[in-house]
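Chemist: Sharing start_29.txt (compact mmCIF, C-alpha atoms) below.
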# COMPACT_ATOMS: atom_id res chain seq x y z
CA MET A 30 0.00 0.00 0.00
CA LYS A 31 1.34 3.44 -0.89
CA PHE A 32 1.40 6.36 1.51
CA LEU A 33 2.31 10.01 0.97
CA VAL A 34 4.41 11.35 3.84
CA MET A 35 4.00 15.13 3.72
CA ILE A 36 6.51 17.30 5.55
CA HIS A 37 5.11 20.53 7.04
CA VAL A 38 7.64 23.00 8.41
CA ASP A 39 7.10 25.81 10.92
CA GLN A 40 9.25 28.66 9.57
CA SER A 41 9.81 30.24 12.99
CA ARG A 42 11.05 26.94 14.45
CA LEU A 43 13.23 26.37 11.40
CA GLU A 44 14.82 29.81 11.80
CA ALA A 45 15.37 29.18 15.55
CA LEU A 46 17.60 26.14 14.95
CA PRO A 47 21.21 26.55 16.04
CA ALA A 48 23.77 27.11 13.27
CA GLY A 49 24.43 23.90 11.36
CA GLU A 50 21.48 22.03 12.87
CA TYR A 51 19.35 22.20 9.70
CA ASP A 52 22.17 20.76 7.61
CA ALA A 53 22.68 17.97 10.16
CA MET A 54 18.95 17.18 10.08
CA MET A 55 18.96 17.25 6.28
CA GLN A 56 21.97 14.94 6.13
CA GLY A 57 20.27 12.46 8.48
CA CYS A 58 17.10 12.68 6.44
CA ILE A 59 18.92 11.99 3.18
CA LEU A 60 20.81 9.03 4.68
CA LYS A 61 17.51 7.61 6.01
CA ALA A 62 15.84 8.13 2.64
CA ASP A 63 18.73 6.39 0.86
CA ALA A 64 18.39 3.39 3.18
CA LEU A 65 14.62 3.23 2.66
CA LYS A 66 15.10 3.48 -1.11
CA ALA A 67 17.65 0.65 -1.05
CA ALA A 68 15.14 -1.44 0.94
CA GLY A 69 12.42 -0.78 -1.66
CA VAL A 70 10.27 1.19 0.79
CA LEU A 71 10.85 4.71 -0.53
CA LEU A 72 9.43 5.16 -4.02
CA ASP A 73 10.12 8.89 -4.44
CA SER A 74 11.01 11.95 -2.37
CA GLN A 75 11.35 15.62 -3.19
CA GLN A 76 11.98 18.84 -1.33
CA LEU A 77 9.91 21.84 -2.38
CA GLU A 78 11.04 25.43 -2.80
CA GLY A 79 9.74 27.89 -0.20
CA PRO A 80 6.10 28.95 -0.05
CA GLU A 81 6.99 32.41 -1.35
CA THR A 82 7.60 30.78 -4.76
CA ALA A 83 4.11 29.25 -4.92
CA LYS A 84 1.25 30.43 -7.08
CA THR A 85 -2.34 29.38 -6.50
CA LEU A 86 -4.73 29.06 -9.43
CA ARG A 87 -8.53 28.99 -9.18
CA VAL A 88 -11.21 29.00 -11.83
CA GLN A 89 -14.59 30.04 -10.45
CA ASP A 90 -17.63 31.07 -12.46
CA GLY A 91 -15.50 31.02 -15.59
CA ARG A 92 -12.98 33.50 -14.19
CA VAL A 93 -9.35 32.61 -13.67
CA GLY A 94 -7.75 33.85 -10.48
CA LEU A 95 -4.05 33.69 -9.76
CA VAL A 96 -2.59 34.49 -6.35
CA ASP A 97 1.08 34.64 -5.43
CA GLY A 98 1.92 32.40 -2.52
CA PRO A 99 0.41 29.29 -1.05
CA TYR A 100 -3.32 28.59 -0.85
CA ALA A 101 -3.54 28.70 2.93
CA GLU A 102 -2.07 31.28 5.24
CA THR A 103 -0.57 29.21 8.04
CA LYS A 104 2.60 29.28 10.09
CA GLU A 105 3.56 25.88 8.65
CA PHE A 106 4.31 25.30 4.98
CA PHE A 107 4.44 22.16 2.86
CA GLY A 108 8.16 21.56 2.50
CA GLY A 109 8.45 18.21 0.77
CA PHE A 110 7.24 14.66 0.55
CA ASN A 111 8.16 11.01 0.57
CA LEU A 112 6.13 8.41 -1.30
CA ILE A 113 6.50 5.12 0.53
CA GLU A 114 5.27 1.55 0.35
CA ALA A 115 4.08 0.14 3.69
CA ARG A 116 2.01 -2.80 4.91
CA ASP A 117 -0.54 -0.55 6.65
CA HIS A 118 -1.02 2.88 8.20
CA ASP A 119 0.75 1.85 11.41
CA GLU A 120 3.89 0.83 9.54
CA ALA A 121 3.73 4.04 7.48
CA MET A 122 3.57 6.06 10.72
CA ARG A 123 6.59 4.20 12.11
CA ILE A 124 8.56 4.98 8.96
CA ALA A 125 7.50 8.64 9.01
CA ALA A 126 8.52 8.97 12.66
CA GLU A 127 12.11 8.15 11.69
CA PHE A 128 12.43 11.48 9.88
CA PRO A 129 13.47 14.49 12.00
CA TRP A 130 10.94 17.04 10.76
CA THR A 131 8.45 16.72 13.62
CA ARG A 132 10.97 18.77 15.61
CA ILE A 133 10.23 21.85 13.48
CA GLY A 134 6.75 21.11 12.15
CA ALA A 135 4.60 18.08 11.46
CA ILE A 136 4.46 15.03 9.25
CA GLU A 137 1.14 14.08 7.68
CA VAL A 138 0.79 10.49 6.49
CA ARG A 139 -2.01 9.79 4.03
CA PRO A 140 -2.88 6.65 2.04
CA VAL A 141 -2.61 7.04 -1.72
CA ARG A 142 -5.81 6.09 -3.53
CA ASP A 143 -5.57 3.34 -6.14
CA PHE A 144 -5.91 5.59 -9.18
CA ASP A 145 -6.07 2.65 -11.60
CA ALA A 146 -9.23 1.53 -9.79
CA VAL A 147 -10.65 5.04 -10.23
CA ARG A 148 -9.80 4.94 -13.95
CA ARG A 149 -11.62 1.64 -14.32
CA ARG A 150 -14.64 2.88 -12.35
CA VAL A 151 -15.09 5.98 -14.49
CA GLY A 152 -14.20 4.25 -17.76
CA ALA A 153 -11.15 6.36 -18.53
Is it possible to express this structure as structure tokens?

Modeler:
Amino acid sequence: MKFLVMIHVDQSRLEALPAGEYDAMMQGCILKADALKAAGVLLDSQQLEGPETAKTLRVQDGRVGLVDGPYAETKEFFGGFNLIEARDHDEAMRIAAEFPWTRIGAIEVRPVRDFDAVRRRVGA
């Protein structure tokens, strides 16, 4: 079963880290990701650019709206993700807990829907 492990970062906690701590956390994260990839658990992972680079697009009542920045105004921003394979939600949570980002934000773990099943259901 696939799970998306979404990394949310609190900017103020990130900025409060002692010098070099972010790089140490990032190094540990990369080493953990490499081990998970070698074990066939990690399918993909990416780090996102900062929320100030985001643009949000909406089409409502035939009008296109474009806003600079993320959709939601929150103190935490979506910083990256890991796509993993796990037996169940409990195992996915154990894997996610091995990453250091809960120290400066939160990690959301969500099952990935079987999109091939959706394709079949809607005849696409």

Chemist: Considering all atoms listed in the file, return as a VMD selection string whatever protein or nucleic-acid residues lie within 12 Å of Glu127 in chain A, sequence-local ones (same chain, fewer than 4 positions apart) excluded.

Modeler: chain A and resid 34 54 57 to 62 64 to 65 120 to 123 131 to 132 136

Chemist: Just how far from CA of Gly108 in chain A is CA of Gly94 in chain A, in Å to one decimal?

Modeler: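 Spanning CA of Gly94 in chain A to CA of Gly108 in chain A is a straight-line distance of 23.9 Å.
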
Chemist: So, counting only C-alpha atoms, which residue among A:Val147, A:Pro47, A:Leu72, A:Met30 is closest to Leu112 in chain A?

Modeler: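 Residue with the minimum atom-to-atom distance to Leu112 in chain A: A:Leu72.
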
Chemist: Between A:Ala135, A:Val141, A:Ala45, A:Val96, which one has atoms that come closest to Asp117 in chain A, using all atoms listed in the file?

Modeler: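 That would be A:Val141, the residue with the smallest distance to Asp117 in chain A.
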
Chemist: Glu78 in chain A: which residues within 12 Å, counting only C-alpha atoms, same-chain residues fewer than 2 positions away excluded, as a CSV table (one decimal) with C-alpha atoms, in the frame of the given file?

Modeler:
chain,number,residue,atom,x,y,z
A,38,VAL,CA,7.6,23.0,8.4
A,75,GLN,CA,11.4,15.6,-3.2
A,76,GLN,CA,12.0,18.8,-1.3
A,80,PRO,CA,6.1,29.0,0.0
A,81,GLU,CA,7.0,32.4,-1.4
A,82,THR,CA,7.6,30.8,-4.8
A,83,ALA,CA,4.1,29.2,-4.9
A,84,LYS,CA,1.2,30.4,-7.1
A,98,GLY,CA,1.9,32.4,-2.5
A,99,PRO,CA,0.4,29.3,-1.0
A,106,PHE,CA,4.3,25.3,5.0
A,107,PHE,CA,4.4,22.2,2.9
A,108,GLY,CA,8.2,21.6,2.5
A,109,GLY,CA,8.4,18.2,0.8
A,110,PHE,CA,7.2,14.7,0.6

Chemist: Show which residues sit within 6 Å of Ile133 in chain A, as a list in words. Count all atoms listed in the file, and ignore same-chain residues fewer than 3 positions away.

Modeler: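 Skipping anything fewer than 3 positions along the chain leaves Val38, Asp39, Arg42, Leu43 and Trp130 of chain A.
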
Chemist: Using C-alpha atoms, can you write the selected residues to a file as an mmCIF file, in the frame of the given file?

Modeler:
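What ended up in again-v7.cif:
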data_model
loop_
_atom_site.group_PDB
_atom_site.id
_atom_site.type_symbol
_atom_site.label_atom_id
_atom_site.label_comp_id
_atom_site.auth_asym_id
_atom_site.auth_seq_id
_atom_site.Cartn_x
_atom_site.Cartn_y
_atom_site.Cartn_z
ATOM 1 C CA VAL A 38 7.640 23.000 8.410
ATOM 2 C CA ASP A 39 7.100 25.810 10.920
ATOM 3 C CA ARG A 42 11.050 26.940 14.450
ATOM 4 C CA LEU A 43 13.230 26.370 11.400
ATOM 5 C CA TRP A 130 10.940 17.040 10.760
#

Chemist: Expressed in Å to a single decimal, how great is the separation between CA of Asp119 in chain A and CA of Asp63 in chain A?

Modeler: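 Answer for the CA of Asp119 in chain A to CA of Asp63 in chain A separation: 21.3 Å.
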
Chemist: Which centre and which edge lengths, in Å to one decimal, describe the axis-aligned box that holds all listed atoms of range 103-115 of chain A after 6 Å is added on each side, as AutoDock Vina command-line options?

Modeler:
--center_x 3.9 --center_y 14.7 --center_z 4.4 --size_x 21.0 --size_y 41.1 --size_z 23.4

Chemist: For CA of Lys31 in chain A and CA of Phe144 in chain A, quote the distance in Å rounded to one decimal.

Modeler: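 That distance, rounded to one decimal, is 11.2 Å.
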
Chemist: Restricting the calculation to all atoms listed in the file: of A:Leu33, A:Met55, A:Ala146, A:Leu95, which residue gets closest to Ile124 in chain A?

Modeler: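 When distances to Ile124 in chain A are compared using all atoms listed in the file, the smallest one comes from A:Leu33.
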
Chemist: From the options A:Phe32, A:Leu46, A:Glu105, A:Phe128, which residue's atoms come nearest to Gly79 in chain A, counting all atoms listed in the file?

Modeler: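 Looking only at the distances to Gly79 in chain A, the closest residue turns out to be A:Glu105.
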